[in-house]
Amino acid sequence: MARWLDRALGEGRILSSLSFPSTRAVGRGAAWYRGDCHVHSVHSDGELAPDELAVRGRAAGLDFMATTEHNAAAGSGVWGHLADDDFLILLGEEVTTRTGHWLALGIPPGEVIDWHHEVRDGSIDQSVERVHRAGGLCVVAHPHAPYPSGDFMFPFRGFDAVEVWNGLWASDRPWNADNEAALAEWGRSLAADIRTGSWRPAMGNSDTHLEGQIGIPHTVVFAQELSTGAVLAGIRAGRSWIAESGDVDVSFTAHAGGRVAGVGEQLTTGGGQAEVRAAVRGVPAGTVSFHTEGGKVHRASLPGDGAGVVRWDTTAEESMFVRAEVRRPGGHVAALTNPITLV
């Protein structure tokens with residue numbers, strides 16, 4: 001990656017049970033789908049060919065992936081034949097500027113979003129609007145990446161989501177200090193943004209460049225079907241959570257008066273008590289914490305086999321929203337969710 005950068009810088013639903021998201025898509029109907037929306041191939045500065053990425057994506061338990069070459073469209077005829085009924089490929093671009101990077105997801109074939117803008121010229125809005133006109137999604141990429149141009153200097157206004165968890169970089173750890181900073185920044189902004197109806201969902205992507213990176217981490221999205229439009233709609237609505245890998249499962253729900261809301265949804269409590277539940281699998285001896293506008297409000301440990309359910313009670317008066325984090329014994333994040341809002 002460093003070699004390329006040197007060159008480039010020249011309401012609620014009734015649910016029957018508390019269930020885990022499926023690790024694979026079942027048909028193309030409504031389901032939880034796993035996907036990695038930040039992937040590079042040999043057509044920019046990645047080391048793997050598109051067909052190799054598709055094979056490895058499937059092996060990692062993904063249902064979809066997005067091609068995001070730097071400042072370039074997906075090559076004609078390069079990706080389409082790799083998609084199937086059970087594996088979706090979204091077309092995108094990593095718009096790489098001198099004052100921050102962002103992802104344009106779901107753009108048409110051959111479309112190139114202009115990257116010749118900087119924070120001081122105020123022209124980024126034109127590029128963002130172009131993506132939105134095409135039905136696409138704009139995602140702030142790794143806003144605190146530790147290299148020149150990695151700090152995202154543009155305002156978040158107009159962007160649809162924030163990539164708070166980015167992949168391995170030069171470290172052998174999937175959780176790095178830049179991700180911790182991005183998560184903290186996003187978490188601090190949630191209360192104000194939810195109050196104004198403008199909150200931006202969190203995403204996690206691998207930013208794959210090398211062998212062994214794809215799907216670490218990835219975003220698990222509830223979509224009405226496995227299609228570009230449905231997946232983007234799920235991401236945009238915040239019906240998603242982030243997983244370290246396909247081995248980790250989380251079901252996060254809030255319950256009140258016979259109603260249940262899931263991640264990205266709103267629960268009407270009627271002024272009564274709400275029970276928040278997080279069912280987790282795949283994080284041995286880990287911890288689950290719940291977060292509101294008051295910060296971390298509850299923490300519990302998982303058993304040695306990594307599977308357990310954590311519960312906590314609150315009210316809409318006490319908590320405008322609740323989100324969950326799951327961490328491994330050493331503190332590295334294994335999963336995190338978008339918020340459930342309470343009214």
# chains A, B, ... in the order shown; residues from 1 in each chain; ligands from 1

$ residues_around --residues "range 291-306 of chain A" --least-positions-apart "3" --cutoff "12 Å" --atoms "only C-alpha atoms" --output "CSV table (one decimal) with all heavy atoms, in the first residue's frame"
chain,number,residue,atom,x,y,z
A,184,ALA,N,-14.2,6.0,18.5
A,184,ALA,CA,-14.5,7.0,19.6
A,184,ALA,C,-15.1,8.2,19.0
A,184,ALA,O,-16.1,8.8,19.5
A,184,ALA,CB,-13.2,7.3,20.3
A,186,TRP,N,-16.8,8.5,16.2
A,186,TRP,CA,-18.2,8.2,15.7
A,186,TRP,C,-19.1,8.1,16.9
A,186,TRP,O,-20.3,8.6,16.9
A,186,TRP,CB,-18.2,6.9,14.9
A,186,TRP,CG,-19.5,6.4,14.5
A,186,TRP,CD1,-20.3,6.8,13.5
A,186,TRP,CD2,-20.2,5.3,15.2
A,186,TRP,NE1,-21.5,6.1,13.5
A,186,TRP,CE2,-21.4,5.1,14.5
A,186,TRP,CE3,-19.9,4.4,16.2
A,186,TRP,CZ2,-22.4,4.1,14.8
A,186,TRP,CZ3,-20.8,3.5,16.6
A,186,TRP,CH2,-22.0,3.3,15.9
A,187,GLY,N,-18.7,7.4,18.0
A,187,GLY,CA,-19.5,7.2,19.2
A,187,GLY,C,-19.9,8.5,19.8
A,187,GLY,O,-21.0,8.7,20.3
A,188,ARG,N,-18.9,9.5,19.9
A,188,ARG,CA,-19.2,10.8,20.5
A,188,ARG,C,-20.2,11.5,19.7
A,188,ARG,O,-21.0,12.3,20.3
A,188,ARG,CB,-17.9,11.6,20.6
A,188,ARG,CG,-17.0,11.1,21.7
A,188,ARG,CD,-15.9,12.1,22.0
A,188,ARG,NE,-15.1,12.3,20.8
A,188,ARG,CZ,-14.0,11.7,20.5
A,188,ARG,NH1,-13.5,10.7,21.4
A,188,ARG,NH2,-13.3,11.9,19.4
A,189,SER,N,-20.3,11.4,18.4
A,189,SER,CA,-21.2,12.2,17.6
A,189,SER,C,-22.6,11.6,17.5
A,189,SER,O,-23.6,12.3,17.1
A,189,SER,CB,-20.7,12.2,16.2
A,189,SER,OG,-20.8,11.0,15.5
A,190,LEU,N,-22.8,10.4,18.0
A,190,LEU,CA,-24.1,9.7,17.8
A,190,LEU,C,-25.3,10.4,18.4
A,190,LEU,O,-26.3,10.6,17.8
A,190,LEU,CB,-24.1,8.3,18.3
A,190,LEU,CG,-23.7,7.2,17.4
A,190,LEU,CD1,-23.7,5.8,18.1
A,190,LEU,CD2,-24.6,7.1,16.2
A,191,ALA,N,-25.2,10.9,19.7
A,191,ALA,CA,-26.3,11.5,20.4
A,191,ALA,C,-26.8,12.7,19.6
A,191,ALA,O,-28.0,12.9,19.4
A,191,ALA,CB,-25.9,11.9,21.8
A,192,ALA,N,-25.9,13.6,19.3
A,192,ALA,CA,-26.2,14.8,18.6
A,192,ALA,C,-26.8,14.5,17.2
A,192,ALA,O,-27.8,15.1,16.8
A,192,ALA,CB,-25.0,15.7,18.4
A,193,ASP,N,-26.2,13.5,16.5
A,193,ASP,CA,-26.7,13.2,15.2
A,193,ASP,C,-28.1,12.5,15.2
A,193,ASP,O,-28.9,12.7,14.3
A,193,ASP,CB,-25.7,12.3,14.4
A,193,ASP,CG,-24.4,13.1,14.1
A,193,ASP,OD1,-24.5,14.3,14.1
A,193,ASP,OD2,-23.4,12.5,13.8
A,194,ILE,N,-28.3,11.6,16.2
A,194,ILE,CA,-29.6,10.9,16.3
A,194,ILE,C,-30.7,11.9,16.6
A,194,ILE,O,-31.8,11.9,16.1
A,194,ILE,CB,-29.5,9.8,17.4
A,194,ILE,CG1,-28.7,8.6,16.8
A,194,ILE,CG2,-30.9,9.3,17.8
A,194,ILE,CD1,-28.5,7.5,17.9
A,195,ARG,N,-30.3,12.9,17.5
A,195,ARG,CA,-31.3,13.9,17.8
A,195,ARG,C,-31.8,14.7,16.6
A,195,ARG,O,-32.9,15.1,16.5
A,195,ARG,CB,-30.7,14.9,18.9
A,195,ARG,CG,-31.7,15.9,19.5
A,195,ARG,CD,-30.9,16.8,20.4
A,195,ARG,NE,-30.3,16.1,21.5
A,195,ARG,CZ,-30.9,15.7,22.6
A,195,ARG,NH1,-32.1,15.8,22.8
A,195,ARG,NH2,-30.2,15.0,23.5
A,247,ASP,N,-16.3,-16.2,11.9
A,247,ASP,CA,-16.5,-17.0,13.1
A,247,ASP,C,-17.3,-16.3,14.2
A,247,ASP,O,-17.7,-17.0,15.2
A,247,ASP,CB,-15.1,-17.4,13.6
A,247,ASP,CG,-14.3,-18.2,12.7
A,247,ASP,OD1,-14.9,-19.0,11.9
A,247,ASP,OD2,-13.1,-18.1,12.7
A,248,VAL,N,-17.5,-15.0,14.0
A,248,VAL,CA,-18.2,-14.2,15.1
A,248,VAL,C,-19.6,-14.0,14.7
A,248,VAL,O,-19.9,-13.5,13.5
A,248,VAL,CB,-17.5,-12.9,15.3
A,248,VAL,CG1,-18.2,-12.1,16.3
A,248,VAL,CG2,-16.0,-13.1,15.8
A,249,ASP,N,-20.6,-14.2,15.6
A,249,ASP,CA,-22.0,-14.0,15.4
A,249,ASP,C,-22.5,-13.1,16.5
A,249,ASP,O,-22.2,-13.3,17.7
A,249,ASP,CB,-22.8,-15.3,15.3
A,249,ASP,CG,-22.8,-15.9,14.0
A,249,ASP,OD1,-22.9,-15.2,13.0
A,249,ASP,OD2,-22.7,-17.1,13.9
A,250,VAL,N,-23.4,-12.1,16.2
A,250,VAL,CA,-24.0,-11.3,17.2
A,250,VAL,C,-25.5,-11.1,16.8
A,250,VAL,O,-25.7,-10.8,15.6
A,250,VAL,CB,-23.3,-9.9,17.3
A,250,VAL,CG1,-24.1,-9.0,18.2
A,250,VAL,CG2,-21.9,-10.1,17.8
A,276,VAL,N,-32.5,-4.8,26.8
A,276,VAL,CA,-31.6,-4.9,25.7
A,276,VAL,C,-30.9,-6.2,25.8
A,276,VAL,O,-30.4,-6.6,26.9
A,276,VAL,CB,-30.6,-3.7,25.8
A,276,VAL,CG1,-29.6,-3.9,24.6
A,276,VAL,CG2,-31.3,-2.4,25.7
A,277,ARG,N,-30.7,-7.0,24.7
A,277,ARG,CA,-30.1,-8.3,24.7
A,277,ARG,C,-29.0,-8.4,23.6
A,277,ARG,O,-29.3,-8.0,22.5
A,277,ARG,CB,-31.1,-9.4,24.5
A,277,ARG,CG,-32.3,-9.5,25.5
A,277,ARG,CD,-33.2,-10.5,25.0
A,277,ARG,NE,-34.5,-10.5,25.8
A,277,ARG,CZ,-35.6,-11.2,25.5
A,277,ARG,NH1,-35.5,-12.1,24.5
A,277,ARG,NH2,-36.7,-11.1,26.2
A,278,ALA,N,-27.9,-8.9,24.0
A,278,ALA,CA,-26.9,-9.2,23.0
A,278,ALA,C,-26.5,-10.7,23.1
A,278,ALA,O,-26.1,-11.2,24.1
A,278,ALA,CB,-25.6,-8.4,23.2
A,279,ALA,N,-26.8,-11.5,22.0
A,279,ALA,CA,-26.4,-12.9,22.0
A,279,ALA,C,-25.2,-13.0,21.1
A,279,ALA,O,-25.2,-12.5,20.0
A,279,ALA,CB,-27.6,-13.7,21.4
A,280,VAL,N,-24.2,-13.5,21.7
A,280,VAL,CA,-22.8,-13.6,21.0
A,280,VAL,C,-22.3,-15.0,20.9
A,280,VAL,O,-22.5,-15.8,21.8
A,280,VAL,CB,-21.8,-12.7,21.8
A,280,VAL,CG1,-20.5,-12.7,21.1
A,280,VAL,CG2,-22.4,-11.3,22.0
A,281,ARG,N,-21.6,-15.3,19.8
A,281,ARG,CA,-21.0,-16.5,19.6
A,281,ARG,C,-19.6,-16.3,19.0
A,281,ARG,O,-19.5,-15.4,18.1
A,281,ARG,CB,-21.8,-17.4,18.6
A,281,ARG,CG,-22.0,-18.8,19.1
A,281,ARG,CD,-23.0,-19.6,18.3
A,281,ARG,NE,-23.2,-19.2,16.9
A,281,ARG,CZ,-24.3,-19.5,16.2
A,281,ARG,NH1,-25.3,-20.2,16.8
A,281,ARG,NH2,-24.5,-19.2,15.0
A,282,GLY,N,-18.6,-17.1,19.4
A,282,GLY,CA,-17.3,-17.0,18.7
A,282,GLY,C,-16.3,-16.1,19.3
A,282,GLY,O,-15.3,-15.8,18.7
A,283,VAL,N,-16.5,-15.6,20.6
A,283,VAL,CA,-15.5,-14.8,21.2
A,283,VAL,C,-15.2,-15.3,22.6
A,283,VAL,O,-15.7,-14.8,23.6
A,283,VAL,CB,-16.0,-13.3,21.3
A,283,VAL,CG1,-14.9,-12.4,21.8
A,283,VAL,CG2,-16.5,-12.8,20.0
A,284,PRO,N,-14.4,-16.4,22.7
A,284,PRO,CA,-14.1,-17.0,24.0
A,284,PRO,C,-13.6,-16.1,25.1
A,284,PRO,O,-12.7,-15.3,24.8
A,284,PRO,CB,-13.1,-18.1,23.7
A,284,PRO,CG,-13.3,-18.4,22.2
A,284,PRO,CD,-13.7,-17.1,21.6
A,285,ALA,N,-14.2,-16.1,26.3
A,285,ALA,CA,-13.7,-15.3,27.4
A,285,ALA,C,-13.7,-13.8,27.1
A,285,ALA,O,-13.0,-13.0,27.7
A,285,ALA,CB,-12.3,-15.7,27.9
A,286,GLY,N,-14.5,-13.4,26.1
A,286,GLY,CA,-14.6,-12.0,25.7
A,286,GLY,C,-15.5,-11.2,26.6
A,286,GLY,O,-16.0,-11.7,27.6
A,287,THR,N,-15.7,-9.9,26.3
A,287,THR,CA,-16.6,-9.1,27.1
A,287,THR,C,-17.6,-8.4,26.1
A,287,THR,O,-17.2,-8.1,25.0
A,287,THR,CB,-15.8,-8.0,27.9
A,287,THR,OG1,-15.1,-7.2,26.9
A,287,THR,CG2,-14.9,-8.6,28.9
A,288,VAL,N,-18.8,-8.1,26.7
A,288,VAL,CA,-19.8,-7.4,25.9
A,288,VAL,C,-20.1,-6.1,26.7
A,288,VAL,O,-20.3,-6.2,27.9
A,288,VAL,CB,-21.1,-8.2,25.8
A,288,VAL,CG1,-22.2,-7.4,25.1
A,288,VAL,CG2,-20.8,-9.5,25.1
A,309,VAL,N,-25.5,-14.8,26.3
A,309,VAL,CA,-26.5,-13.7,26.1
A,309,VAL,C,-26.3,-12.8,27.3
A,309,VAL,O,-26.4,-13.2,28.5
A,309,VAL,CB,-27.9,-14.3,26.1
A,309,VAL,CG1,-28.9,-13.1,25.9
A,309,VAL,CG2,-28.1,-15.3,24.9
A,310,VAL,N,-26.2,-11.5,27.0
A,310,VAL,CA,-26.1,-10.4,28.0
A,310,VAL,C,-27.3,-9.6,27.9
A,310,VAL,O,-27.7,-9.2,26.8
A,310,VAL,CB,-24.8,-9.6,27.7
A,310,VAL,CG1,-24.7,-8.4,28.7
A,310,VAL,CG2,-23.6,-10.4,27.8
A,311,ARG,N,-27.9,-9.3,29.1
A,311,ARG,CA,-29.1,-8.5,29.2
A,311,ARG,C,-28.9,-7.3,30.1
A,311,ARG,O,-28.1,-7.3,31.0
A,311,ARG,CB,-30.3,-9.3,29.7
A,311,ARG,CG,-30.7,-10.5,28.9
A,311,ARG,CD,-31.8,-11.3,29.5
A,311,ARG,NE,-32.3,-12.3,28.7
A,311,ARG,CZ,-31.9,-13.5,28.5
A,311,ARG,NH1,-30.7,-13.9,29.1
A,311,ARG,NH2,-32.5,-14.4,27.6
A,312,TRP,N,-29.6,-6.2,29.7
A,312,TRP,CA,-29.6,-5.0,30.5
A,312,TRP,C,-30.8,-4.2,30.4
A,312,TRP,O,-31.4,-4.2,29.3
A,312,TRP,CB,-28.4,-4.1,30.0
A,312,TRP,CG,-28.2,-2.8,30.7
A,312,TRP,CD1,-27.8,-2.6,32.0
A,312,TRP,CD2,-28.4,-1.5,30.1
A,312,TRP,NE1,-27.8,-1.2,32.3
A,312,TRP,CE2,-28.1,-0.5,31.1
A,312,TRP,CE3,-28.8,-1.1,28.8
A,312,TRP,CZ2,-28.2,0.8,30.9
A,312,TRP,CZ3,-28.8,0.3,28.6
A,312,TRP,CH2,-28.6,1.2,29.6
A,313,ASP,N,-31.3,-3.6,31.4
A,313,ASP,CA,-32.6,-2.9,31.4
A,313,ASP,C,-32.4,-1.3,31.4
A,313,ASP,O,-31.5,-0.8,32.1
A,313,ASP,CB,-33.5,-3.2,32.6
A,313,ASP,CG,-34.0,-4.6,32.6
A,313,ASP,OD1,-34.0,-5.2,31.5
A,313,ASP,OD2,-34.2,-5.2,33.7
A,314,THR,N,-33.2,-0.6,30.7
A,314,THR,CA,-33.1,0.8,30.6
A,314,THR,C,-34.5,1.4,30.2
A,314,THR,O,-35.5,0.6,30.1
A,314,THR,CB,-32.0,1.3,29.6
A,314,THR,OG1,-31.8,2.7,29.8
A,314,THR,CG2,-32.4,1.0,28.2
A,315,THR,N,-34.6,2.7,30.1
A,315,THR,CA,-35.8,3.3,29.6
A,315,THR,C,-35.4,4.4,28.5
A,315,THR,O,-34.2,4.7,28.4
A,315,THR,CB,-36.5,4.1,30.7
A,315,THR,OG1,-35.7,5.1,31.2
A,315,THR,CG2,-36.9,3.1,31.8
A,316,ALA,N,-36.4,4.8,27.7
A,316,ALA,CA,-36.1,5.8,26.7
A,316,ALA,C,-35.7,7.1,27.4
A,316,ALA,O,-34.9,7.9,26.8
A,316,ALA,CB,-37.3,6.0,25.9
A,317,GLU,N,-36.2,7.4,28.6
A,317,GLU,CA,-35.8,8.6,29.3
A,317,GLU,C,-34.3,8.6,29.7
A,317,GLU,O,-33.6,9.6,29.6
A,317,GLU,CB,-36.6,8.8,30.6
A,317,GLU,CG,-36.3,10.1,31.3
A,317,GLU,CD,-37.3,10.3,32.5
A,317,GLU,OE1,-38.1,9.5,32.7
A,317,GLU,OE2,-37.1,11.3,33.2
A,318,GLU,N,-33.8,7.4,30.0
A,318,GLU,CA,-32.4,7.2,30.4
A,318,GLU,C,-31.5,7.1,29.2
A,318,GLU,O,-30.3,7.5,29.3
A,318,GLU,CB,-32.3,5.9,31.3
A,318,GLU,CG,-33.0,6.0,32.6
A,318,GLU,CD,-33.1,4.7,33.3
A,318,GLU,OE1,-32.8,3.6,32.6
A,318,GLU,OE2,-33.3,4.6,34.5
A,319,SER,N,-32.0,6.5,28.2
A,319,SER,CA,-31.1,6.1,27.0
A,319,SER,C,-31.8,6.5,25.7
A,319,SER,O,-32.8,5.9,25.3
A,319,SER,CB,-30.7,4.6,27.0
A,319,SER,OG,-30.2,4.3,28.3
A,320,MET,N,-31.2,7.4,25.0
A,320,MET,CA,-31.7,7.8,23.7
A,320,MET,C,-31.5,6.6,22.7
A,320,MET,O,-32.2,6.4,21.8
A,320,MET,CB,-31.0,9.0,23.2
A,320,MET,CG,-31.4,9.5,21.8
A,320,MET,SD,-30.3,10.8,21.2
A,320,MET,CE,-30.4,12.0,22.5
A,321,PHE,N,-30.3,5.9,22.9
A,321,PHE,CA,-30.0,4.8,22.0
A,321,PHE,C,-29.1,3.9,22.8
A,321,PHE,O,-28.6,4.2,23.9
A,321,PHE,CB,-29.2,5.3,20.8
A,321,PHE,CG,-27.8,5.9,21.1
A,321,PHE,CD1,-26.7,5.0,21.2
A,321,PHE,CD2,-27.7,7.2,21.3
A,321,PHE,CE1,-25.5,5.5,21.5
A,321,PHE,CE2,-26.4,7.7,21.6
A,321,PHE,CZ,-25.3,6.9,21.7
A,322,VAL,N,-28.9,2.7,22.3
A,322,VAL,CA,-28.0,1.7,22.9
A,322,VAL,C,-27.3,1.0,21.7
A,322,VAL,O,-27.9,0.6,20.7
A,322,VAL,CB,-28.7,0.6,23.7
A,322,VAL,CG1,-27.7,-0.3,24.4
A,322,VAL,CG2,-29.6,1.2,24.8
A,323,ARG,N,-26.0,0.8,21.8
A,323,ARG,CA,-25.2,0.1,20.9
A,323,ARG,C,-24.3,-0.9,21.7
A,323,ARG,O,-24.2,-0.7,22.9
A,323,ARG,CB,-24.4,1.0,20.0
A,323,ARG,CG,-23.3,1.7,20.7
A,323,ARG,CD,-22.4,2.6,19.7
A,323,ARG,NE,-21.4,3.3,20.4
A,323,ARG,CZ,-20.2,2.8,20.7
A,323,ARG,NH1,-19.9,1.5,20.3
A,323,ARG,NH2,-19.2,3.5,21.3
A,324,ALA,N,-23.8,-1.9,21.0
A,324,ALA,CA,-23.0,-2.9,21.7
A,324,ALA,C,-21.6,-3.0,21.1
A,324,ALA,O,-21.4,-2.9,19.9
A,324,ALA,CB,-23.7,-4.3,21.6
A,325,GLU,N,-20.6,-3.4,21.9
A,325,GLU,CA,-19.3,-3.7,21.5
A,325,GLU,C,-18.9,-5.1,22.1
A,325,GLU,O,-19.3,-5.4,23.3
A,325,GLU,CB,-18.2,-2.7,22.0
A,325,GLU,CG,-18.4,-1.3,21.3
A,325,GLU,CD,-17.3,-0.4,21.8
A,325,GLU,OE1,-16.3,-0.8,22.4
A,325,GLU,OE2,-17.4,0.8,21.5
A,326,VAL,N,-18.2,-5.9,21.4
A,326,VAL,CA,-17.7,-7.2,21.9
A,326,VAL,C,-16.2,-7.2,21.7
A,326,VAL,O,-15.7,-6.9,20.6
A,326,VAL,CB,-18.3,-8.4,21.1
A,326,VAL,CG1,-17.8,-9.7,21.7
A,326,VAL,CG2,-19.8,-8.3,21.1
A,327,ARG,N,-15.5,-7.4,22.8
A,327,ARG,CA,-14.0,-7.3,22.7
A,327,ARG,C,-13.4,-8.6,23.2
A,327,ARG,O,-14.0,-9.3,24.1
A,327,ARG,CB,-13.5,-6.2,23.5
A,327,ARG,CG,-13.9,-4.8,22.9
A,327,ARG,CD,-13.3,-3.7,23.7
A,327,ARG,NE,-13.6,-2.4,23.1
A,327,ARG,CZ,-12.8,-1.6,22.4
A,327,ARG,NH1,-11.5,-1.9,22.3
A,327,ARG,NH2,-13.2,-0.4,21.9
A,328,ARG,N,-12.3,-8.9,22.7
A,328,ARG,CA,-11.5,-10.1,23.1
A,328,ARG,C,-10.8,-9.8,24.4
A,328,ARG,O,-10.7,-8.6,24.8
A,328,ARG,CB,-10.5,-10.5,22.0
A,328,ARG,CG,-11.3,-11.0,20.7
A,328,ARG,CD,-10.5,-11.9,19.8
A,328,ARG,NE,-11.3,-12.4,18.7
A,328,ARG,CZ,-12.0,-13.5,18.7
A,328,ARG,NH1,-12.0,-14.2,19.8
A,328,ARG,NH2,-12.7,-13.9,17.7
A,329,PRO,N,-10.3,-10.8,25.1
A,329,PRO,CA,-9.6,-10.6,26.4
A,329,PRO,C,-8.5,-9.5,26.3
A,329,PRO,O,-8.3,-8.8,27.3
A,329,PRO,CB,-9.0,-12.0,26.7
A,329,PRO,CG,-10.0,-13.0,26.0
A,329,PRO,CD,-10.4,-12.3,24.8
A,334,ALA,N,-14.0,-7.5,18.6
A,334,ALA,CA,-14.4,-8.6,17.8
A,334,ALA,C,-15.6,-8.4,17.0
A,334,ALA,O,-15.9,-9.0,16.0
A,334,ALA,CB,-14.5,-9.9,18.6
A,336,LEU,N,-19.0,-5.0,16.7
A,336,LEU,CA,-19.6,-3.9,17.2
A,336,LEU,C,-20.9,-3.6,16.4
A,336,LEU,O,-20.9,-4.0,15.2
A,336,LEU,CB,-18.7,-2.6,17.3
A,336,LEU,CG,-18.1,-2.1,16.0
A,336,LEU,CD1,-19.0,-1.0,15.4
A,336,LEU,CD2,-16.7,-1.5,16.3
A,337,THR,N,-21.9,-3.0,17.0
A,337,THR,CA,-23.1,-2.8,16.3
A,337,THR,C,-23.5,-1.3,16.1
A,337,THR,O,-22.9,-0.4,16.8
A,337,THR,CB,-24.3,-3.4,17.1
A,337,THR,OG1,-24.7,-2.6,18.2
A,337,THR,CG2,-24.0,-4.8,17.6
A,338,ASN,N,-24.3,-1.1,15.1
A,338,ASN,CA,-25.0,0.2,15.1
A,338,ASN,C,-26.0,0.3,16.1
A,338,ASN,O,-26.4,-0.7,16.8
A,338,ASN,CB,-25.6,0.4,13.7
A,338,ASN,CG,-24.5,0.9,12.7
A,338,ASN,OD1,-23.9,1.9,12.8
A,338,ASN,ND2,-24.3,0.1,11.6
A,339,PRO,N,-26.5,1.5,16.4
A,339,PRO,CA,-27.5,1.7,17.6
A,339,PRO,C,-28.9,1.3,17.3
A,339,PRO,O,-29.4,1.2,16.2
A,339,PRO,CB,-27.4,3.2,17.9
A,339,PRO,CG,-27.1,3.8,16.5
A,339,PRO,CD,-26.2,2.8,15.8
A,340,ILE,N,-29.6,0.9,18.4
A,340,ILE,CA,-31.0,0.8,18.4
A,340,ILE,C,-31.5,2.1,19.2
A,340,ILE,O,-31.0,2.4,20.2
A,340,ILE,CB,-31.5,-0.4,19.2
A,340,ILE,CG1,-31.0,-1.7,18.5
A,340,ILE,CG2,-33.1,-0.4,19.3
A,340,ILE,CD1,-31.3,-2.9,19.3
A,341,THR,N,-32.4,2.9,18.6
A,341,THR,CA,-32.9,4.1,19.2
A,341,THR,C,-34.2,3.7,20.0
A,341,THR,O,-35.0,2.9,19.6
A,341,THR,CB,-33.2,5.2,18.2
A,341,THR,OG1,-34.1,4.7,17.2
A,341,THR,CG2,-31.9,5.6,17.5
A,342,LEU,N,-34.4,4.4,21.2
A,342,LEU,CA,-35.5,4.2,22.0
A,342,LEU,C,-36.3,5.5,22.2
A,342,LEU,O,-35.8,6.6,22.3
A,342,LEU,CB,-35.0,3.8,23.5
A,342,LEU,CG,-34.0,2.6,23.6
A,342,LEU,CD1,-33.6,2.4,25.0
A,342,LEU,CD2,-34.7,1.4,23.0

$ select_by_dssp --residues "range 156-298 of chain A" --states "strand (DSSP E or B)" --output "ChimeraX atom specification"
/A:161-165,202-204,208,218-223,240-243,249-256,259-262,266-267,273-281,287-292,295-298

$ closest_residue --among "A:Gly92, A:Gly122, A:Gly167, A:Gly158" --to "Thr208 in chain A" --atoms "only C-alpha atoms"
A:Gly167

$ closest_residue --among "A:Thr99, A:Thr196, A:Ser127, A:Thr219" --to "Gly61 in chain A" --atoms "only C-alpha atoms"
A:Thr219

$ select_by_dssp --residues "range 33-258 of chain A" --states "helix (DSSP H, G or I)" --output "ChimeraX atom specification"
/A:50-59,80-82,124-133,177-195,228-236

$ closest_residue --among "A:Gly110, A:Gly330, A:Gly238, A:Gly262" --to "Arg200 in chain A" --atoms "only C-alpha atoms"
A:Gly238

$ closest_residue --among "A:Asn205, A:Ser198, A:Ser289, A:Asn166" --to "Thr67 in chain A" --atoms "only C-alpha atoms"
A:Asn205

$ atom_distance --atom1 "CA of Ala261 in chain A" --atom2 "CA of Val221 in chain A"
15.1 Å

$ residues_around --residues "range 140-145 of chain A" --least-positions-apart "4" --cutoff "10 Å" --atoms "only C-alpha atoms" --output "PyMOL selection string"
chain A and resi 38+94-96+100-104+149-156+159-167+169+176-183+185+200+202-205+207

$ closest_residue --among "A:Val343, A:Gly135, A:His40, A:Leu210" --to "Ala256 in chain A" --atoms "only C-alpha atoms"
A:Val343

$ atom_distance --atom1 "CA of Ala134 in chain A" --atom2 "CA of Gly80 in chain A"
18.7 Å

$ atom_distance --atom1 "CA of Thr269 in chain A" --atom2 "CA of Phe222 in chain A"
22.9 Å
